[in-house]
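Visitor: My structure is in start.pdb, and what it holds is PDB, C-alpha atoms:
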```
ATOM      1  CA  MET A1061       9.641  29.450  -4.519
ATOM      2  CA  ASN A1062      11.517  26.250  -3.614
ATOM      3  CA  LEU A1063       8.456  24.448  -2.259
ATOM      4  CA  GLY A1064       9.115  20.837  -1.262
ATOM      5  CA  LYS A1065      12.910  21.170  -1.284
ATOM      6  CA  ILE A1066      15.702  21.609   1.239
ATOM      7  CA  GLU A1067      17.585  24.764   0.318
ATOM      8  CA  THR A1068      20.059  27.134   1.995
ATOM      9  CA  TYR A1069      18.531  30.369   3.315
ATOM     10  CA  THR A1070      19.915  33.419   5.120
ATOM     11  CA  VAL A1071      18.490  34.552   8.457
ATOM     12  CA  ASP A1072      17.328  38.151   8.000
ATOM     13  CA  ARG A1073      15.870  38.956  11.435
ATOM     14  CA  GLU A1074      14.227  37.492  14.510
ATOM     15  CA  THR A1075      10.606  38.149  15.486
ATOM     16  CA  LYS A1076       8.554  37.276  18.565
ATOM     17  CA  LEU A1077       7.510  33.952  17.067
ATOM     18  CA  GLY A1078      10.548  32.988  15.039
ATOM     19  CA  TYR A1079      12.796  34.130  12.224
ATOM     20  CA  VAL A1080      12.432  35.650   8.804
ATOM     21  CA  ILE A1081      14.714  33.872   6.347
ATOM     22  CA  VAL A1082      15.412  34.981   2.778
ATOM     23  CA  LYS A1083      16.520  33.564  -0.551
ATOM     24  CA  ASP A1084      16.557  35.211  -3.980
ATOM     25  CA  GLY A1085      14.775  38.266  -2.587
ATOM     26  CA  GLU A1086      11.863  36.228  -1.158
ATOM     27  CA  GLU A1087      11.037  36.115   2.572
ATOM     28  CA  TYR A1088       9.787  33.036   4.451
ATOM     29  CA  PHE A1089       8.827  32.489   8.074
ATOM     30  CA  LEU A1090      10.641  29.988  10.290
ATOM     31  CA  HIS A1091       8.753  29.466  13.565
ATOM     32  CA  HIS A1092      10.725  28.834  16.759
ATOM     33  CA  ASN A1093       8.980  25.433  16.988
ATOM     34  CA  GLU A1094      10.430  24.524  13.588
ATOM     35  CA  CYS A1095      14.053  25.344  14.492
ATOM     36  CA  ASN A1096      14.847  21.871  15.853
ATOM     37  CA  GLY A1097      16.283  23.406  19.047
ATOM     38  CA  ASN A1098      18.561  25.895  17.280
ATOM     39  CA  SER A1099      18.824  29.680  17.639
ATOM     40  CA  PHE A1100      20.265  32.136  15.127
ATOM     41  CA  ILE A1101      21.414  35.686  14.511
ATOM     42  CA  ALA A1102      21.070  37.789  11.376
ATOM     43  CA  GLY A1103      23.335  36.572   8.619
ATOM     44  CA  ASP A1104      23.373  32.912   9.669
ATOM     45  CA  LYS A1105      22.851  30.303   6.952
ATOM     46  CA  VAL A1106      20.245  27.592   7.504
ATOM     47  CA  LYS A1107      19.168  24.557   5.480
ATOM     48  CA  ALA A1108      15.372  24.621   5.533
ATOM     49  CA  PHE A1109      12.519  22.713   3.909
ATOM     50  CA  LEU A1110       9.731  24.847   2.480
ATOM     51  CA  TYR A1111       6.088  23.788   2.771
ATOM     52  CA  VAL A1112       2.637  25.415   2.995
ATOM     53  CA  ASP A1113       1.214  25.743   6.507
ATOM     54  CA  LYS A1114      -2.385  25.273   7.690
ATOM     55  CA  LYS A1115      -3.161  28.900   6.850
ATOM     56  CA  ASN A1116      -1.985  28.343   3.273
ATOM     57  CA  ARG A1117       1.215  30.371   3.781
ATOM     58  CA  PRO A1118       4.739  29.374   2.707
ATOM     59  CA  ALA A1119       6.649  28.313   5.815
ATOM     60  CA  ALA A1120      10.012  26.758   6.590
ATOM     61  CA  THR A1121      11.183  23.989   8.907
ATOM     62  CA  LEU A1122      14.607  22.731   9.935
ATOM     63  CA  PHE A1123      13.250  19.238  10.585
ATOM     64  CA  LYS A1124      14.437  17.029   7.756
ATOM     65  CA  PRO A1125      11.553  15.465   5.797
ATOM     66  CA  PHE A1126      11.563  11.860   4.659
ATOM     67  CA  ILE A1127      10.866  12.957   1.098
ATOM     68  CA  GLN A1128      11.508  15.925  -1.199
ATOM     69  CA  LEU A1129       9.854  17.140  -4.379
ATOM     70  CA  ASN A1130       9.535  14.506  -7.146
ATOM     71  CA  GLU A1131      10.969  11.761  -4.926
ATOM     72  CA  THR A1132       9.252   8.426  -4.209
ATOM     73  CA  LYS A1133       9.299   7.051  -0.657
ATOM     74  CA  LEU A1134       7.320   4.609   1.492
ATOM     75  CA  LEU A1135       5.242   6.813   3.795
ATOM     76  CA  GLN A1136       2.947   5.973   6.694
ATOM     77  CA  VAL A1137      -0.751   6.803   6.720
ATOM     78  CA  VAL A1138      -1.689   8.820   9.831
ATOM     79  CA  SER A1139      -5.378   9.519   9.158
ATOM     80  CA  VAL A1140      -8.107   8.953   6.575
ATOM     81  CA  ASP A1141     -10.984  11.233   5.599
ATOM     82  CA  HIS A1142     -13.353   9.673   3.060
ATOM     83  CA  LYS A1143     -14.359  13.116   1.839
ATOM     84  CA  ILE A1144     -10.879  14.190   0.748
ATOM     85  CA  GLY A1145      -8.381  11.337   1.036
ATOM     86  CA  ALA A1146      -5.582  10.080   3.302
ATOM     87  CA  PHE A1147      -2.929  12.077   5.155
ATOM     88  CA  LEU A1148       0.615  10.714   5.321
ATOM     89  CA  ASN A1149       3.560  11.563   7.545
ATOM     90  CA  ILE A1150       6.548  13.035   5.687
ATOM     91  CA  GLY A1151       8.580  13.809   8.815
ATOM     92  CA  ILE A1152       7.498  17.414   9.427
ATOM     93  CA  SER A1153       4.763  18.956  11.585
ATOM     94  CA  LYS A1154       2.251  18.997   8.723
ATOM     95  CA  ASP A1155       0.942  15.769   7.193
ATOM     96  CA  ILE A1156       0.464  15.764   3.417
ATOM     97  CA  LEU A1157      -2.688  14.774   1.544
ATOM     98  CA  LEU A1158      -3.028  11.844  -0.820
ATOM     99  CA  SER A1159      -6.189  12.915  -2.599
ATOM    100  CA  ALA A1160      -9.299  10.747  -2.881
ATOM    101  CA  ASP A1161      -8.766  11.055  -6.647
ATOM    102  CA  GLU A1162      -5.748   8.764  -6.211
ATOM    103  CA  LEU A1163      -7.707   6.142  -4.286
ATOM    104  CA  PRO A1164     -10.262   3.462  -5.283
ATOM    105  CA  TYR A1165     -13.971   4.221  -5.502
ATOM    106  CA  ASP A1166     -14.576   1.446  -2.949
ATOM    107  CA  TYR A1167     -13.740   2.768   0.531
ATOM    108  CA  SER A1168     -12.966  -0.773   1.728
ATOM    109  CA  LYS A1169      -9.910  -0.680  -0.551
ATOM    110  CA  TRP A1170      -8.597   2.551   0.991
ATOM    111  CA  PRO A1171      -5.510   2.488   3.224
ATOM    112  CA  LYS A1172      -5.919   2.510   6.996
ATOM    113  CA  GLU A1173      -4.029   4.329   9.733
ATOM    114  CA  GLY A1174      -0.600   2.756  10.154
ATOM    115  CA  ASP A1175      -0.397   1.371   6.598
ATOM    116  CA  PHE A1176       2.460   2.297   4.254
ATOM    117  CA  LEU A1177       2.245   3.455   0.638
ATOM    118  CA  PRO A1178       4.881   4.359  -1.977
ATOM    119  CA  CYS A1179       4.164   7.982  -2.888
ATOM    120  CA  MET A1180       5.756  10.806  -4.842
ATOM    121  CA  LEU A1181       5.761  14.385  -3.520
ATOM    122  CA  ARG A1182       4.364  16.860  -6.034
ATOM    123  CA  ILE A1183       3.015  20.415  -6.223
ATOM    124  CA  ARG A1184      -0.569  21.212  -7.185
ATOM    125  CA  ALA A1185      -2.077  24.702  -7.001
ATOM    126  CA  ASN A1186       0.934  25.922  -4.957
ATOM    127  CA  ARG A1187       0.473  23.182  -2.357
ATOM    128  CA  LEU A1188       2.401  20.040  -1.591
ATOM    129  CA  ILE A1189       0.432  16.899  -2.389
ATOM    130  CA  LEU A1190       1.184  13.193  -2.740
ATOM    131  CA  LYS A1191       0.440  10.818  -5.593
ATOM    132  CA  LEU A1192       0.710   7.048  -5.643
ATOM    133  CA  SER A1193       3.936   5.939  -7.284
ATOM    134  CA  ASN A1194       3.908   3.535 -10.212
ATOM    135  CA  LYS A1195       6.156   0.529 -10.802
ATOM    136  CA  PHE A1196       8.693   2.470 -12.872
ATOM    137  CA  GLU A1197       9.114   5.080 -10.135
ATOM    138  CA  ILE A1198       9.452   2.423  -7.422
ATOM    139  CA  VAL A1199      12.000   0.359  -9.371
ATOM    140  CA  ARG A1200      14.056   3.510  -9.955
ATOM    141  CA  VAL A1201      14.255   4.061  -6.187
ATOM    142  CA  HIS A1202      15.275   0.428  -5.656
ATOM    143  CA  GLU A1203      18.133   0.876  -8.118
ATOM    144  CA  GLU A1204      19.320   3.842  -6.051
ATOM    145  CA  VAL A1205      19.080   2.254  -2.579
ATOM    146  CA  ALA A1206      20.012  -1.353  -3.400
ATOM    147  CA  LYS A1207      22.484  -1.929  -6.214
ATOM    148  CA  GLU A1208      22.033  -5.698  -6.285
ATOM    149  CA  GLN A1209      19.126  -8.078  -6.181
ATOM    150  CA  LYS A1210      18.507  -9.354  -2.661
ATOM    151  CA  LEU A1211      15.444 -11.593  -2.895
ATOM    152  CA  THR A1212      15.759 -15.273  -3.759
ATOM    153  CA  LYS A1213      13.278 -18.017  -4.623
ATOM    154  CA  SER A1214      11.342 -19.385  -1.623
ATOM    155  CA  GLN A1215      12.343 -16.386   0.500
ATOM    156  CA  VAL A1216       9.503 -14.905   2.560
ATOM    157  CA  VAL A1217       9.440 -11.115   2.730
ATOM    158  CA  SER A1218       7.100  -8.394   4.003
ATOM    159  CA  GLY A1219       5.421  -6.171   1.443
ATOM    160  CA  TYR A1220       2.765  -3.463   1.245
ATOM    161  CA  ALA A1221      -0.075  -3.583  -1.293
ATOM    162  CA  TYR A1222       0.172  -0.560  -3.575
ATOM    163  CA  ARG A1223      -1.824  -1.586  -6.650
ATOM    164  CA  LEU A1224      -5.010  -3.659  -6.827
ATOM    165  CA  SER A1225      -6.158  -5.089 -10.147
ATOM    166  CA  PRO A1226      -8.504  -7.834 -11.395
ATOM    167  CA  GLU A1227      -5.421  -9.956 -12.129
ATOM    168  CA  GLY A1228      -3.850  -9.644  -8.688
ATOM    169  CA  VAL A1229      -2.020  -7.381  -6.235
ATOM    170  CA  ASN A1230       1.294  -5.553  -6.518
ATOM    171  CA  PHE A1231       3.328  -5.286  -3.319
ATOM    172  CA  VAL A1232       6.409  -3.213  -2.526
ATOM    173  CA  THR A1233       9.056  -4.099   0.067
ATOM    174  CA  SER A1234      10.947  -1.687   2.320
ATOM    175  CA  ASP A1235      13.812  -1.942  -0.192
ATOM    176  CA  TYR A1236      11.449  -0.918  -3.007
ATOM    177  CA  GLU A1237      11.338  -4.321  -4.658
ATOM    178  CA  VAL A1238       8.102  -4.983  -6.534
ATOM    179  CA  ILE A1239       6.306  -8.308  -6.132
ATOM    180  CA  PHE A1240       3.205  -9.299  -8.084
ATOM    181  CA  VAL A1241       0.850 -11.925  -6.658
ATOM    182  CA  TYR A1242      -1.717 -13.442  -9.013
ATOM    183  CA  LYS A1243      -5.256 -13.661  -7.634
ATOM    184  CA  THR A1244      -5.072 -17.465  -7.623
ATOM    185  CA  ASN A1245      -2.225 -17.214  -5.110
ATOM    186  CA  TYR A1246      -4.177 -15.547  -2.328
ATOM    187  CA  ARG A1247      -7.637 -15.963  -0.801
ATOM    188  CA  LYS A1248      -8.559 -12.696   0.907
ATOM    189  CA  SER A1249      -9.348  -9.210  -0.348
ATOM    190  CA  TYR A1250      -6.642  -6.581   0.176
ATOM    191  CA  HIS A1251      -6.686  -2.829   0.694
ATOM    192  CA  LEU A1252      -4.000  -0.341  -0.315
ATOM    193  CA  GLY A1253      -1.117  -0.138   2.124
ATOM    194  CA  GLU A1254      -1.895  -3.484   3.760
ATOM    195  CA  LYS A1255       1.123  -5.463   4.966
ATOM    196  CA  GLU A1256       1.511  -9.106   4.004
ATOM    197  CA  GLU A1257       4.112 -11.877   4.106
ATOM    198  CA  ILE A1258       4.903 -13.080   0.590
ATOM    199  CA  LYS A1259       6.879 -16.081  -0.621
ATOM    200  CA  ILE A1260       8.964 -15.452  -3.748
ATOM    201  CA  ILE A1261       8.256 -18.028  -6.469
ATOM    202  CA  ASP A1262       9.857 -16.418  -9.540
ATOM    203  CA  ILE A1263      12.481 -13.767 -10.328
ATOM    204  CA  HIS A1264      12.232 -11.385 -13.294
ATOM    205  CA  GLU A1265      14.432  -8.620 -14.652
ATOM    206  CA  ASP A1266      12.938  -5.805 -12.580
ATOM    207  CA  ASP A1267      10.379  -7.467 -10.289
ATOM    208  CA  PHE A1268       9.255 -10.730  -8.691
ATOM    209  CA  THR A1269       6.268 -13.065  -8.618
ATOM    210  CA  GLY A1270       5.092 -14.309  -5.246
ATOM    211  CA  THR A1271       2.453 -16.296  -3.437
ATOM    212  CA  ILE A1272       0.548 -15.746  -0.203
ATOM    213  CA  ASN A1273      -0.901 -19.238  -0.091
ATOM    214  CA  LYS A1274      -0.060 -21.197   3.035
ATOM    215  CA  ASN A1275       1.300 -24.738   3.036
ATOM    216  CA  LYS A1276      -1.042 -27.302   1.512
ATOM    217  CA  GLU A1277      -2.731 -28.513   4.705
ATOM    218  CA  PHE A1278      -3.481 -25.021   6.006
ATOM    219  CA  GLN A1279      -4.630 -23.903   2.549
ATOM    220  CA  ILE A1280      -7.049 -26.821   2.177
ATOM    221  CA  GLU A1281      -8.488 -25.921   5.581
ATOM    222  CA  ASP A1282      -9.039 -22.289   4.508
ATOM    223  CA  ASP A1283     -10.559 -23.316   1.167
ATOM    224  CA  TYR A1284     -12.771 -25.827   2.956
ATOM    225  CA  LYS A1285     -14.164 -23.002   5.119
ATOM    226  CA  ILE A1286     -14.801 -20.798   2.068
ATOM    227  CA  ILE A1287     -16.863 -23.514   0.350
ATOM    228  CA  LEU A1288     -18.701 -24.447   3.549
ATOM    229  CA  ASP A1289     -19.569 -20.796   4.133
ATOM    230  CA  TYR A1290     -20.899 -20.520   0.563
ATOM    231  CA  LEU A1291     -23.124 -23.573   1.040
ATOM    232  CA  GLU A1292     -24.501 -22.280   4.347
ATOM    233  CA  LYS A1293     -25.365 -18.927   2.750
ATOM    234  CA  ASN A1294     -27.070 -20.569  -0.238
ATOM    235  CA  ASN A1295     -29.525 -22.906   1.473
ATOM    236  CA  GLY A1296     -27.072 -25.789   1.421
ATOM    237  CA  VAL A1297     -26.980 -26.101  -2.377
ATOM    238  CA  MET A1298     -24.151 -25.330  -4.817
ATOM    239  CA  LEU A1299     -24.404 -25.787  -8.590
ATOM    240  CA  ILE A1300     -20.648 -25.521  -8.972
ATOM    241  CA  THR A1301     -19.044 -28.987  -8.937
ATOM    242  CA  GLU A1302     -15.647 -30.504  -9.622
ATOM    243  CA  LYS A1303     -16.790 -30.773 -13.259
ATOM    244  CA  SER A1304     -17.203 -26.976 -13.542
ATOM    245  CA  SER A1305     -14.686 -24.971 -15.544
ATOM    246  CA  PRO A1306     -11.588 -23.517 -13.831
ATOM    247  CA  GLU A1307     -12.766 -20.027 -14.853
ATOM    248  CA  ILE A1308     -16.103 -20.360 -13.051
ATOM    249  CA  ILE A1309     -14.466 -21.825  -9.940
ATOM    250  CA  ASN A1310     -11.885 -19.073  -9.842
ATOM    251  CA  ARG A1311     -14.453 -16.329 -10.369
ATOM    252  CA  LEU A1312     -16.658 -17.612  -7.564
ATOM    253  CA  PHE A1313     -14.119 -18.811  -4.994
ATOM    254  CA  ASN A1314     -10.853 -17.175  -6.088
ATOM    255  CA  MET A1315      -9.091 -20.528  -6.095
ATOM    256  CA  SER A1316      -7.751 -22.952  -8.683
ATOM    257  CA  LYS A1317      -9.714 -26.029  -9.739
ATOM    258  CA  SER A1318      -7.201 -28.326  -8.021
ATOM    259  CA  SER A1319      -7.547 -26.370  -4.748
ATOM    260  CA  PHE A1320     -11.335 -26.557  -5.097
ATOM    261  CA  LYS A1321     -11.228 -30.332  -5.555
ATOM    262  CA  ASN A1322      -8.889 -30.744  -2.558
ATOM    263  CA  ALA A1323     -11.289 -28.768  -0.380
ATOM    264  CA  LEU A1324     -14.263 -30.822  -1.622
ATOM    265  CA  GLY A1325     -12.334 -33.955  -0.747
ATOM    266  CA  ARG A1326     -11.916 -32.711   2.828
ATOM    267  CA  LEU A1327     -15.653 -31.897   3.082
ATOM    268  CA  LEU A1328     -16.587 -35.295   1.653
ATOM    269  CA  LYS A1329     -14.233 -37.131   4.002
ATOM    270  CA  GLN A1330     -15.838 -35.375   6.971
ATOM    271  CA  ASN A1331     -19.292 -36.351   5.647
ATOM    272  CA  LYS A1332     -20.406 -32.725   5.397
ATOM    273  CA  ILE A1333     -21.500 -32.779   1.735
ATOM    274  CA  GLU A1334     -23.040 -35.036  -0.855
ATOM    275  CA  ILE A1335     -21.838 -34.730  -4.445
ATOM    276  CA  LEU A1336     -24.593 -35.318  -7.010
ATOM    277  CA  GLU A1337     -24.459 -35.298 -10.809
ATOM    278  CA  ASN A1338     -25.005 -31.566 -11.235
ATOM    279  CA  LYS A1339     -24.830 -30.083  -7.750
ATOM    280  CA  ILE A1340     -23.345 -30.361  -4.286
ATOM    281  CA  ILE A1341     -25.531 -30.282  -1.202
ATOM    282  CA  LEU A1342     -24.782 -29.721   2.457
ATOM    283  CA  LYS A1343     -25.888 -32.662   4.551
ATOM    284  CA  ASP A1344     -28.726 -32.002   7.018
ATOM    285  CA  ASP A1345     -26.743 -32.941  10.095
ATOM    286  CA  ASN A1346     -24.309 -30.014   9.584
TER     287      ASN A1346
END
```
Spell out the structure here as structure tokens.
Guide:
Amino acid sequence: MNLGKIETYTVDRETKLGYVIVKDGEEYFLHHNECNGNSFIAGDKVKAFLYVDKKNRPAATLFKPFIQLNETKLLQVVSVDHKIGAFLNIGISKDILLSADELPYDYSKWPKEGDFLPCMLRIRANRLILKLSNKFEIVRVHEEVAKEQKLTKSQVVSGYAYRLSPEGVNFVTSDYEVIFVYKTNYRKSYHLGEKEEIKIIDIHEDDFTGTINKNKEFQIEDDYKIILDYLEKNNGVMLITEKSSPEIINRLFNMSKSSFKNALGRLLKQNKIEILENKIILKDDN
């Protein structure tokens, strides 16, 4: 069975609902709705994609899928079911499952409808399934679709989060370029498939390093709000000060020590905090 592939078949006969097509002595059903507006007679050759329908039967379609077996492509999420996983559009009438086994334990990190993920089409238990592609598989696609490097330093490009780690987030562009953003270079929490605008800050042999931080003034404003929010949620007292280690500051606020000090400077200038020897307090009039 050529599941997940476009192959040439021979039309054997027509039925009420469609056609029976054959290859290598095996018969498959091609529904009229899957003929892409075409009609046939016995003996005609057709290029069809084989999949498994909702009743778990091998079926054929003449609609060309975005992806074939063992290929990696950026695919759009069309629905999410926390019990089983996410369903993605591959260009045919049946959406394909990306199993919950491929996704984070934390549902907040799962992709949402409309997001895009780089996935490979595979077969499991005689069904088509998707798996998240890794960096090697994505880079291989980039080498096929874009023979030369296109991104340059300081360029801003759209990317989709495809790997979340304690160190940072990996993004992939529509041209299958991989960009890694260290956790100190962004402030929010991302979920798989989320789209973001990334500024390229370094170029490597097979990937890039980027940043999502805004310009300095906007970034200080965002960091200022993060610290102010922390103080308001902790009875106006914070034991982390500008003397604290960079590791502690980063772990608590996901920002560098210099960014932390810049934000404190803004709070101090606006008379919102008082900096003591071993703590920072929110002033009563705030």
Visitor: Using the chain letters and numbering of this document, enumerate as a ChimeraX atom specification the residues selected by the PyMOL selection byres ((chain A and resi 1074) around 12).
Guide: /A:1070-1073,1075-1081,1088-1092,1099-1104
Visitor: On this file, the PyMOL selection byres ((chain A and resi 1234) around 8) gives some set of residues; write that set as a PyMOL selection string.
Guide: chain A and resi 1134+1218-1219+1232-1233+1235-1237
Visitor: How many Å lie between atom CA of A:Thr1212 and atom CA of A:Asn1245, rounded to one decimal?
Guide: 18.1 Å
Visitor: Evaluate the PyMOL selection byres ((chain A and resi 1117-1120) around 8) on the structure here and hand back the selected residues as a ChimeraX atom specification.
Guide: /A:1063,1088-1091,1094,1108-1116,1121-1122
Visitor: One decimal, in Å: what's the spacing between atom CA of A:Lys1195 and atom CA of A:Val1238?
Guide: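 Here the two named atoms are 7.2 Å from each other.
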Visitor: With all atoms listed in the file as the basis for distance, which of A:Asn1295, A:Asn1230, A:Asn1314, A:Thr1068 is at the shortest distance from A:Val1082?
Guide: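 Residue with the minimum atom-to-atom distance to A:Val1082: A:Thr1068.
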